[in-house]
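One structure below.
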Amino acid sequence: PEFILKDVKKLQYLYGLKKEIRYAQTRTLDDSTESVAEHVYGMHICAQYFLPLENPTGTWDKAKIYEMITIHDIDEIETGDMLGYLKTKADKDAEAEAQRVVLKKIPTTMVPLIANLINEYEEQITQESRFVKALDKMEPVVECYNEKYKIIFARNKTTIENWRSVKDKYIKDYPYMKIFAETICLTMVDEGFFYQG
């Protein structure tokens with residue numbers, strides 16, 4: 001656990017770039033928001049950390065993984081972000097429709113690649129798509145192990161059951177991510193992150 005928590009802090013150091021605002025602008029100190037693009041950046045950092053651990057032979061298509069990370073939440077341009085444990089079938093249908101809308105609004109030269117990546121990600125058949133899905137669930141584990149999320153979890157009434165319901169089933173097949181996620185989760189329980197009701 002000590003090694004994992006130390007490495008999480010090192011990953012969070014790299015997450016520092018999420019907070020650096022461009023063009024001589026700043027966010028207020030009490031701004032606890034995170035954009036979808038910042039989440040995508042965090043996934044790229046997590047991929048660099050976990051990919052050599054989970055695929056030491058290097059047989060997975062690394063370029064495809066990074067491309068898929070970049071576009072995996074592209075529907076949220078239209079739908080916005082939503083807490084995973086609150087999503088209904090109607091919300092998931094709206095996401096599928098939003099993907100079609102996005103594909104109509106982007107440059108036509110980008111459509112074939114992005115459409116193929118979206119389809120592959122949604123089908124969850126390939127090793128690369130399943131790894132990206134696991135990273136999508138792992139990245140918030142690294143992000144949310146931070147004092148400011150105690151307030152956010154309380155505001156959103158996020159219980160440990162909510163948290164696990166959208167993460168565990170995707171992370172379970174990746175031994176390194178699984179042990180990291182479990183260690184951080186248990187530490188967050190001990191430190192009072194989750195809503196108790």
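Letters for chains follow the order of the structure tokens (A, B, ...), residue numbers begin at 1 for each chain, and ligand numbers begin at 1 in the order shown.
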
(request) Would you mind listing what lies within 12 Å of A:Asp31 as a list in words, with only C-alpha atoms counted and same-chain residues fewer than 4 positions away left out? (result)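 The neighbour list is Lys19, Thr26, Arg27, Ser35, Lys148, Tyr149 and Ile152 of chain A.
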
(message) Residues within 6 Å of stretch 137-146 of chain A, please, as JSON, numbers by chain. Count only C-alpha atoms; anything in the same chain fewer than 3 positions from it doesn't count.
(response) {"A": [43, 134, 149, 167]}

(request) Compile the contact shell of stretch 57-60 of chain A as an NGL selection string: residues with an atom at most 12 Å away, counting only C-alpha atoms, same-chain residues fewer than 3 positions apart removed. (result) :A and (50-54 or 63-66 or 126-132)

(request) Compile the contact shell of A:Asn162 as a list in words: residues with an atom at most 12 Å away, counting only C-alpha atoms, same-chain residues fewer than 2 positions apart removed. (result) Leu83, Gly84, Tyr85, Leu86, Lys87, Phe153, Asn156, Lys157, Thr158, Thr159, Ile160, Arg164, Ser165, Val166, Lys167, Asp168, Phe194, Tyr195 and Gln196 of chain A

(request) Tell me which protein, DNA and RNA residues are within 10 Å of A:Arg100, counting only C-alpha atoms, leaving out same-chain ones fewer than 6 positions away, and put them as a list in words. (result)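 Answer for this query is Asp75, Ala94 and Ala115 of chain A.
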
(request) Give the helix (DSSP H, G or I) residues of stretch 29-179 of chain A, as DSSP finds them on the backbone, and put them as an NGL selection string. (result) :A and (36-54 or 62-71 or 76-79 or 84-86 or 89-105 or 108-123 or 127-144 or 148-156 or 160-165 or 168-171 or 175-179)

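Among the candidates A:Thr79, A:Lys172, A:Leu14, A:Asn55, the one nearest to A:Asp91 when counting only C-alpha atoms is A:Thr79.
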
(request) Using atom CA of A:Glu20 and atom CA of A:Glu34 as the two end points, give the distance in Å to one decimal. (result)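 Here the two named atoms are 11.9 Å from each other.
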
(message) Which residues are near stretch 101-109 of chain A? Cut-off 10 Å, only C-alpha atoms, ignore same chain within fewer than 4 positions. Put them as a PyMOL selection string.
(response) chain A and resi 74-78+95-97+113-115

Write the selection just made, keeping C-alpha atoms, as an mmCIF file, in the first residue's frame?
data_model
loop_
_atom_site.group_PDB
_atom_site.id
_atom_site.type_symbol
_atom_site.label_atom_id
_atom_site.label_comp_id
_atom_site.auth_asym_id
_atom_site.auth_seq_id
_atom_site.Cartn_x
_atom_site.Cartn_y
_atom_site.Cartn_z
ATOM 1 C CA ILE A 74 -16.498 12.837 -27.666
ATOM 2 C CA ASP A 75 -20.287 12.575 -27.243
ATOM 3 C CA GLU A 76 -19.978 14.738 -24.125
ATOM 4 C CA ILE A 77 -19.463 17.774 -26.377
ATOM 5 C CA GLU A 78 -23.228 17.466 -26.895
ATOM 6 C CA GLU A 95 -25.025 9.450 -25.806
ATOM 7 C CA ALA A 96 -25.322 7.243 -28.906
ATOM 8 C CA GLU A 97 -27.324 9.941 -30.686
ATOM 9 C CA LEU A 113 -10.985 7.262 -38.059
ATOM 10 C CA ILE A 114 -13.099 8.695 -35.238
ATOM 11 C CA ALA A 115 -16.175 6.666 -36.229
#

(request) Record the distance separating atom CA of A:Glu161 and atom CA of A:Gln99, expressed in Å with one decimal. (result) 29.1 Å

(request) Take atom CA of A:Thr183 and atom CA of A:Gln124 and report the distance between them in Å, one decimal. (result)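 So the two atoms, atom CA of A:Thr183 and atom CA of A:Gln124, lie 26.2 Å apart.
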
(request) Select, from A:Glu38, A:His72, A:Ile179, A:Lys150, the residue with the minimum atom-to-atom distance to A:Lys133, counting only C-alpha atoms. (result) A:His72

(message) From the options A:Ala154, A:Ile71, A:Cys46, A:Met110, which residue's atoms come nearest to A:Val8, counting only C-alpha atoms?
(response)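 Distance minimum relative to A:Val8 lands on A:Cys46.
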